[in-house]
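Source file: final_31.pdb; contents: PDB, C-alpha atoms.
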ATOM      1  CA  MET A 112      97.926 103.360 110.742
ATOM      2  CA  ASN A 113     100.609 103.561 113.441
ATOM      3  CA  ILE A 114      98.730 104.175 116.674
ATOM      4  CA  ASN A 115     100.037 103.049 120.042
ATOM      5  CA  LEU A 116      97.567 100.291 120.907
ATOM      6  CA  GLN A 117      98.834  99.628 124.413
ATOM      7  CA  LEU A 118      96.007  99.872 126.921
ATOM      8  CA  ASP A 119      97.061 103.030 128.759
ATOM      9  CA  ALA A 120      98.007 104.918 125.581
ATOM     10  CA  LEU A 121      94.749 104.028 123.857
ATOM     11  CA  ARG A 122      92.703 105.089 126.857
ATOM     12  CA  THR A 123      94.498 108.444 126.899
ATOM     13  CA  ALA A 124      93.710 108.978 123.208
ATOM     14  CA  TYR A 125      90.028 108.243 123.794
ATOM     15  CA  ARG A 126      89.886 110.521 126.805
ATOM     16  CA  ASP A 127      91.425 113.516 125.038
ATOM     17  CA  GLY A 128      89.203 113.059 121.982
ATOM     18  CA  SER A 129      92.022 112.542 119.508
ATOM     19  CA  LEU A 130      90.592 109.135 118.559
ATOM     20  CA  THR A 131      87.253 107.330 118.576
ATOM     21  CA  PRO A 132      86.585 103.569 118.527
ATOM     22  CA  ARG A 133      84.983 103.820 115.084
ATOM     23  CA  GLN A 134      87.990 105.637 113.651
ATOM     24  CA  LEU A 135      90.363 103.138 115.191
ATOM     25  CA  LEU A 136      88.538  99.988 114.123
ATOM     26  CA  ALA A 137      88.091 101.217 110.555
ATOM     27  CA  GLY A 138      91.809 101.862 110.272
ATOM     28  CA  LEU A 139      92.762  98.560 111.882
ATOM     29  CA  ARG A 140      90.464  96.609 109.562
ATOM     30  CA  ASP A 141      92.197  98.171 106.558
ATOM     31  CA  LYS A 142      95.628  97.456 108.017
ATOM     32  CA  ALA A 143      94.752  93.854 108.838
ATOM     33  CA  ALA A 144      93.312  93.274 105.370
ATOM     34  CA  ALA A 145      96.526  94.582 103.804
ATOM     35  CA  LEU A 146      98.707  92.327 105.979
ATOM     36  CA  ASN A 147      96.627  89.184 105.659
ATOM     37  CA  PRO A 148      97.785  88.010 102.199
ATOM     38  CA  ASP A 149     101.381  87.768 103.442
ATOM     39  CA  TYR A 150     100.883  86.783 107.090
ATOM     40  CA  HIS A 151      97.612  84.791 107.018
ATOM     41  CA  LEU A 152      96.848  86.019 110.523
ATOM     42  CA  PHE A 153      93.047  86.209 110.222
ATOM     43  CA  ILE A 154      90.658  83.471 109.184
ATOM     44  CA  HIS A 155      87.698  85.840 109.549
ATOM     45  CA  LEU A 156      88.096  89.611 109.745
ATOM     46  CA  LEU A 157      84.861  91.181 110.945
ATOM     47  CA  SER A 158      83.076  93.321 108.371
ATOM     48  CA  ALA A 159      81.880  96.841 109.109
ATOM     49  CA  ASP A 160      78.354  95.484 109.598
ATOM     50  CA  GLU A 161      79.586  92.773 111.967
ATOM     51  CA  LEU A 162      81.517  95.328 114.011
ATOM     52  CA  GLU A 163      78.659  97.800 114.292
ATOM     53  CA  PRO A 164      76.778  96.179 117.227
ATOM     54  CA  TYR A 165      79.928  96.316 119.344
ATOM     55  CA  LEU A 166      80.678  99.913 118.380
ATOM     56  CA  ALA A 167      77.063 100.983 118.870
ATOM     57  CA  ALA A 168      77.108  99.523 122.376
ATOM     58  CA  LEU A 169      79.750 102.107 123.305
ATOM     59  CA  ASP A 170      77.744 105.084 122.050
ATOM     60  CA  GLY A 171      76.907 107.336 124.953
ATOM     61  CA  ARG A 172      78.810 105.210 127.450
ATOM     62  CA  ASP A 173      81.155 106.805 129.962
ATOM     63  CA  ILE A 174      84.702 105.635 129.275
ATOM     64  CA  GLU A 175      85.329 105.522 133.021
ATOM     65  CA  SER A 176      82.628 102.870 133.437
ATOM     66  CA  LEU A 177      84.305 100.431 131.032
ATOM     67  CA  PRO A 178      87.897  99.353 131.793
ATOM     68  CA  LEU A 179      88.436  98.131 128.208
ATOM     69  CA  TYR A 180      86.426 100.829 126.415
ATOM     70  CA  GLY A 181      87.088 100.562 122.664
ATOM     71  CA  VAL A 182      90.062  98.224 123.043
ATOM     72  CA  PRO A 183      90.461  96.084 119.893
ATOM     73  CA  PHE A 184      91.233  92.417 120.406
ATOM     74  CA  ALA A 185      91.607  89.299 118.288
ATOM     75  CA  ILE A 186      90.271  85.826 119.037
ATOM     76  CA  LYS A 187      91.910  82.528 118.174
ATOM     77  CA  ASP A 188      89.527  80.636 115.931
ATOM     78  CA  ASN A 189      88.955  77.799 118.358
ATOM     79  CA  ILE A 190      87.223  80.251 120.744
ATOM     80  CA  ASP A 191      83.603  81.152 120.041
ATOM     81  CA  LEU A 192      82.355  84.596 119.020
ATOM     82  CA  ALA A 193      78.572  84.652 118.621
ATOM     83  CA  GLY A 194      77.365  84.779 115.026
ATOM     84  CA  ILE A 195      80.844  84.257 113.545
ATOM     85  CA  PRO A 196      82.010  80.828 112.321
ATOM     86  CA  THR A 197      84.396  78.884 114.535
ATOM     87  CA  THR A 198      86.604  76.689 112.338
ATOM     88  CA  ALA A 199      89.558  75.561 114.483
ATOM     89  CA  ALA A 200      91.341  75.938 111.109
ATOM     90  CA  CYS A 201      89.284  73.093 109.634
ATOM     91  CA  PRO A 202      86.643  74.312 107.148
ATOM     92  CA  ALA A 203      84.726  71.030 107.301
ATOM     93  CA  PHE A 204      84.374  71.374 111.085
ATOM     94  CA  ALA A 205      83.036  74.951 111.008
ATOM     95  CA  TYR A 206      79.927  75.906 112.986
ATOM     96  CA  VAL A 207      78.299  79.209 113.940
ATOM     97  CA  PRO A 208      77.873  79.571 117.711
ATOM     98  CA  GLU A 209      74.833  81.315 119.125
ATOM     99  CA  ARG A 210      76.800  82.464 122.162
ATOM    100  CA  SER A 211      80.343  83.694 122.697
ATOM    101  CA  ALA A 212      82.826  81.890 124.915
ATOM    102  CA  THR A 213      82.606  82.987 128.548
ATOM    103  CA  ILE A 214      85.918  84.844 128.441
ATOM    104  CA  VAL A 215      84.831  86.673 125.281
ATOM    105  CA  GLU A 216      81.535  87.663 126.922
ATOM    106  CA  GLN A 217      83.454  89.061 129.875
ATOM    107  CA  LEU A 218      85.737  91.115 127.648
ATOM    108  CA  LEU A 219      82.805  92.460 125.638
ATOM    109  CA  ALA A 220      81.083  93.460 128.871
ATOM    110  CA  LEU A 221      84.197  95.486 129.741
ATOM    111  CA  GLY A 222      83.990  97.394 126.437
ATOM    112  CA  ALA A 223      86.513  95.521 124.292
ATOM    113  CA  ILE A 224      85.804  95.164 120.555
ATOM    114  CA  PRO A 225      86.558  91.974 118.591
ATOM    115  CA  LEU A 226      88.381  92.549 115.316
ATOM    116  CA  GLY A 227      88.353  89.001 114.015
ATOM    117  CA  LYS A 228      89.133  85.297 114.373
ATOM    118  CA  THR A 229      92.792  84.347 114.023
ATOM    119  CA  ASN A 230      94.625  81.522 112.310
ATOM    120  CA  LEU A 231      96.044  78.526 114.158
ATOM    121  CA  ASP A 232      97.606  75.135 113.706
ATOM    122  CA  GLN A 233      94.574  73.002 112.912
ATOM    123  CA  PHE A 234      92.665  72.007 116.063
ATOM    124  CA  ALA A 235      95.452  73.677 118.070
ATOM    125  CA  THR A 236      97.775  70.745 117.456
ATOM    126  CA  GLY A 237     101.159  72.137 116.481
ATOM    127  CA  LEU A 238     103.780  74.557 117.721
ATOM    128  CA  ASN A 239     105.050  76.332 114.594
ATOM    129  CA  GLY A 240     102.003  78.025 113.009
ATOM    130  CA  SER A 241     102.216  76.301 109.642
ATOM    131  CA  ARG A 242      99.573  73.536 109.939
ATOM    132  CA  SER A 243      96.600  75.463 108.597
ATOM    133  CA  PRO A 244      94.676  75.292 105.314
ATOM    134  CA  TYR A 245      94.344  79.076 105.617
ATOM    135  CA  GLY A 246      98.104  79.485 105.148
ATOM    136  CA  ALA A 247     101.275  79.306 107.217
ATOM    137  CA  CYS A 248     102.007  82.230 109.530
ATOM    138  CA  PRO A 249     105.503  83.715 109.177
ATOM    139  CA  ASN A 250     107.355  85.356 112.028
ATOM    140  CA  SER A 251     106.569  89.050 112.551
ATOM    141  CA  VAL A 252     110.270  89.977 112.821
ATOM    142  CA  LEU A 253     111.986  87.599 110.395
ATOM    143  CA  SER A 254     109.500  86.320 107.841
ATOM    144  CA  GLU A 255     111.720  83.416 106.810
ATOM    145  CA  TYR A 256     111.131  81.918 110.259
ATOM    146  CA  PRO A 257     107.862  80.530 111.668
ATOM    147  CA  SER A 258     105.586  82.462 113.971
ATOM    148  CA  GLY A 259     105.253  79.624 116.408
ATOM    149  CA  GLY A 260     101.929  78.054 117.257
ATOM    150  CA  SER A 261      99.389  76.967 117.667
ATOM    151  CA  SER A 262      98.080  80.468 118.466
ATOM    152  CA  ALA A 263      99.948  81.849 115.463
ATOM    153  CA  GLY A 264      97.504  84.455 114.186
ATOM    154  CA  SER A 265      96.835  85.786 117.674
ATOM    155  CA  SER A 266     100.509  86.494 118.233
ATOM    156  CA  LEU A 267     100.778  88.232 114.862
ATOM    157  CA  ALA A 268      97.708  90.385 115.484
ATOM    158  CA  VAL A 269      99.449  91.986 118.461
ATOM    159  CA  ALA A 270     103.007  91.934 117.095
ATOM    160  CA  LEU A 271     101.954  93.568 113.798
ATOM    161  CA  GLY A 272      99.909  96.260 115.518
ATOM    162  CA  VAL A 273      96.329  95.439 114.594
ATOM    163  CA  ALA A 274      95.081  94.503 118.083
ATOM    164  CA  SER A 275      95.854  95.682 121.591
ATOM    165  CA  PHE A 276      95.696  92.104 122.810
ATOM    166  CA  ALA A 277      94.629  88.712 121.571
ATOM    167  CA  LEU A 278      93.203  85.526 122.995
ATOM    168  CA  GLY A 279      94.904  82.221 122.368
ATOM    169  CA  THR A 280      94.922  78.813 123.965
ATOM    170  CA  ASP A 281      97.698  76.799 125.575
ATOM    171  CA  THR A 282      97.654  73.065 126.144
ATOM    172  CA  ALA A 283     101.361  72.303 125.781
ATOM    173  CA  GLY A 284     102.891  75.641 124.790
ATOM    174  CA  SER A 285     100.479  76.944 122.144
ATOM    175  CA  GLY A 286     100.201  80.361 123.794
ATOM    176  CA  ARG A 287     103.696  80.791 125.188
ATOM    177  CA  VAL A 288     105.711  79.650 122.158
ATOM    178  CA  PRO A 289     104.307  82.149 119.594
ATOM    179  CA  ALA A 290     104.480  84.910 122.209
ATOM    180  CA  ALA A 291     108.181  84.245 122.773
ATOM    181  CA  LEU A 292     108.970  84.027 119.048
ATOM    182  CA  ASN A 293     107.248  87.366 118.356
ATOM    183  CA  ASN A 294     108.633  89.375 121.293
ATOM    184  CA  LEU A 295     105.364  89.379 123.214
ATOM    185  CA  VAL A 296     104.131  88.413 126.651
ATOM    186  CA  GLY A 297     102.040  85.238 126.643
ATOM    187  CA  MET A 298     100.157  84.749 129.897
ATOM    188  CA  LYS A 299      98.925  81.296 130.828
ATOM    189  CA  ALA A 300      97.066  81.547 134.120
ATOM    190  CA  THR A 301      96.566  78.613 136.456
ATOM    191  CA  LYS A 302      94.100  76.192 134.901
ATOM    192  CA  GLY A 303      90.538  77.018 135.836
ATOM    193  CA  LEU A 304      91.051  80.709 136.590
ATOM    194  CA  ILE A 305      89.917  81.647 133.063
ATOM    195  CA  SER A 306      86.910  79.728 131.802
ATOM    196  CA  THR A 307      87.308  77.458 128.779
ATOM    197  CA  ALA A 308      83.548  77.309 128.148
ATOM    198  CA  GLY A 309      83.073  77.977 124.437
ATOM    199  CA  VAL A 310      86.553  76.761 123.500
ATOM    200  CA  VAL A 311      87.069  73.849 121.082
ATOM    201  CA  PRO A 312      88.992  71.351 123.223
ATOM    202  CA  ALA A 313      92.396  69.968 122.376
ATOM    203  CA  CYS A 314      92.725  68.270 125.767
ATOM    204  CA  ARG A 315      89.997  69.234 128.242
ATOM    205  CA  THR A 316      92.119  68.442 131.278
ATOM    206  CA  LEU A 317      94.959  70.731 130.188
ATOM    207  CA  ASP A 318      93.516  73.473 127.952
ATOM    208  CA  CYS A 319      93.864  77.090 129.105
ATOM    209  CA  VAL A 320      92.869  80.379 127.478
ATOM    210  CA  THR A 321      95.869  82.707 127.218
ATOM    211  CA  THR A 322      96.444  86.365 126.408
ATOM    212  CA  PHE A 323      98.983  88.001 124.126
ATOM    213  CA  THR A 324     100.137  91.512 125.016
ATOM    214  CA  ALA A 325     103.063  93.772 124.230
ATOM    215  CA  THR A 326     103.991  94.186 127.909
ATOM    216  CA  ALA A 327     103.745  92.347 131.226
ATOM    217  CA  ARG A 328     101.878  95.321 132.685
ATOM    218  CA  GLU A 329      99.093  94.871 130.146
ATOM    219  CA  ALA A 330      98.896  91.151 130.847
ATOM    220  CA  SER A 331      98.367  91.998 134.512
ATOM    221  CA  GLN A 332      95.784  94.675 133.683
ATOM    222  CA  LEU A 333      93.786  92.273 131.525
ATOM    223  CA  PHE A 334      93.900  89.503 134.074
ATOM    224  CA  GLY A 335      92.719  91.865 136.807
ATOM    225  CA  ALA A 336      89.886  93.181 134.636
ATOM    226  CA  ASP A 337      88.792  89.680 133.673
ATOM    227  CA  ARG A 338      88.738  88.490 137.265
ATOM    228  CA  ALA A 339      86.468  91.412 138.169
ATOM    229  CA  ALA A 340      84.112  90.837 135.219
ATOM    230  CA  GLY A 341      81.051  88.655 134.853
ATOM    231  CA  PRO A 342      79.214  87.397 131.776
ATOM    232  CA  THR A 343      76.145  89.568 132.358
ATOM    233  CA  GLY A 344      75.593  92.744 130.408
ATOM    234  CA  CYS A 345      77.693  91.578 127.479
ATOM    235  CA  VAL A 346      77.134  92.684 123.906
ATOM    236  CA  GLN A 347      75.810  90.078 121.511
ATOM    237  CA  PRO A 348      74.941  90.465 117.818
ATOM    238  CA  GLN A 349      71.267  90.526 116.885
ATOM    239  CA  GLN A 350      69.596  87.140 116.565
ATOM    240  CA  SER A 351      69.408  87.499 112.798
ATOM    241  CA  ALA A 352      73.197  87.400 112.627
ATOM    242  CA  VAL A 353      73.162  83.917 114.117
ATOM    243  CA  GLU A 354      70.358  82.440 112.072
TER     244      GLU A 354
END

Please express what this file holds, its structure, as structure tokens.
Amino acid sequence: MNINLQLDALRTAYRDGSLTPRQLLAGLRDKAAALNPDYHLFIHLLSADELEPYLAALDGRDIESLPLYGVPFAIKDNIDLAGIPTTAACPAFAYVPERSATIVEQLLALGAIPLGKTNLDQFATGLNGSRSPYGACPNSVLSEYPSGGSSAGSSLAVALGVASFALGTDTAGSGRVPAALNNLVGMKATKGLISTAGVVPACRTLDCVTTFTATAREASQLFGADRAAGPTGCVQPQQSAVE
């Protein structure tokens, strides 16, 4: 699947009816699954059943009412997604959150669809993307080089074309380094502008949630949409998925 996943191009495809969110997410899941054995970018790729609540929430919705309608995104696995294990790349630490991180809730409320939880240097402590029991992440351009970290899988999800954008974290370079090494834009906003509620801390006084995008324009679009969003009205899996 070689679809232009940049925000404006994807919105155009949805508007003209040449693509639907279900078609897109099914294809991206297959692509991600095929890439994962070599790149180790996902710790948890959402199943069709796990994706369905998010896709169903878009049924009958007006695309113009949702700025991120059907936009696929990936989530670093130290950021909570309700009903899906958060591991911080440490299986013994894993827990299943009942609620998504605030930033994830805001993105879901805008119509974005989570594809999965991405690999990272364990507990977000590392800058090369190789300190994970789920496998080292190679560079998307030259596989003999590292991806950079700690938000390794998030950078690869965008660079390899399986997500329009991805969430990472940055305490001392963990979002900017893998973005730079994979020809992406890594945006680290001023601390406090993007909530870190629902994020496993590395250093509470310094941690920031970051975004990975293919272009600076998209980074600006996402930041503007997030600032206008609130946590209400967000999509959450059914309670049974959490229990």

Go ahead and fit an axis-aligned box to every listed atom of segment 187-203 of chain A plus 8 Å each side, and pass me the centre and edge lengths in Å, one decimal, as lines of an AutoDock Vina configuration file.
center_x = 84.6
center_y = 77.9
center_z = 113.9
size_x = 30.5
size_y = 29.7
size_z = 29.6

| the PyMOL selection byres ((chain A and resi 314-322) around 8) on the file shown: which residues, as a PyMOL selection string? | chain A and resi 276-283+286+296-303+305-307+312-313+323-324+330

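Of note, atom CA of Gly194 of chain A and atom CA of Asn230 of chain A are spaced 17.8 Å apart.
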
| request: Compile the contact shell of segment 170-179 of chain A as a VMD selection string: residues with an atom at most 12 Å away, counting only C-alpha atoms, same-chain residues fewer than 6 positions apart removed. | output: chain A and resid 116 to 119 121 to 128 131 to 133 163 to 164 217 to 225 275 to 276 329 332 to 337 339 to 340 344 to 345

| said: Running the PyMOL selection byres ((chain A and resi 265) around 9) on this model by hand, what would come out? Give it as a PyMOL selection string. | reply: chain A and resi 152-153+185-187+228-231+262-264+266-270+274+276-279+286+289-290+322-323

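Between atom CA of Asp188 of chain A and atom CA of Thr213 of chain A the separation is 14.6 Å.
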
| Distance of atom CA of Ser285 of chain A from atom CA of Tyr245 of chain A, expressed in Å to one decimal place | 17.8 Å

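Closest to Val273 of chain A among A:His155, A:Gly227, A:Cys201, A:Ala193 is A:Gly227, based on all atoms listed in the file.
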
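For the set A:Leu226, A:Ala203, A:Ala212, A:Leu238, the residue with the smallest atom-to-atom gap to Asp141 of chain A is A:Leu226, counting only C-alpha atoms.
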
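Comparing the minimum interatomic distances between Ala291 of chain A and each of A:Ser241, A:Ser258, A:Asn147, A:Thr197, counting only C-alpha atoms, we find that A:Ser258 sits nearest.
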
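Minimum distance to His151 of chain A across A:Gly181, A:Pro244, A:Gly272, A:Gly284 (counting only C-alpha atoms) occurs at A:Pro244.
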
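Across A:Glu216, A:Asn115, A:Asn239, A:Ala167, the tightest approach to Ala325 of chain A is made by A:Asn115 when counting all atoms listed in the file.
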
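When all atoms listed in the file are used to compute distances to Pro183 of chain A, the closest of the residues A:Gly246, A:Gly240, A:Gly138, A:Gly260 turns out to be A:Gly138.
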
| task | Please evaluate the PyMOL selection byres ((chain A and resi 209) around 8) against the structure above and give the resulting residues as an MDAnalysis selection string. | result | chainID A and resid 193:194 207:208 210:211 353

| request: Take the point (95.8, 75.5, 116.6) as written in the file and pick out every residue within 6 Å of it, counting all atoms listed in the file; give the list as a PyMOL selection string. | output: chain A and resi 231-236+261-262

| query | Neighbours of Ala205 of chain A within 10 Å (only C-alpha atoms; same-chain residues fewer than 5 positions away dropped), as a VMD selection string? | reply | chain A and resid 188 to 189 195 to 200

Please produce an output containing C-alpha atoms for each residue in the selection, written as a PDB file, in the frame of the given file.
ATOM      1  CA  ASP A 188      89.527  80.636 115.931  1.00  0.00           C
ATOM      2  CA  ASN A 189      88.955  77.799 118.358  1.00  0.00           C
ATOM      3  CA  ILE A 195      80.844  84.257 113.545  1.00  0.00           C
ATOM      4  CA  PRO A 196      82.010  80.828 112.321  1.00  0.00           C
ATOM      5  CA  THR A 197      84.396  78.884 114.535  1.00  0.00           C
ATOM      6  CA  THR A 198      86.604  76.689 112.338  1.00  0.00           C
ATOM      7  CA  ALA A 199      89.558  75.561 114.483  1.00  0.00           C
ATOM      8  CA  ALA A 200      91.341  75.938 111.109  1.00  0.00           C
TER       9      ALA A 200
END
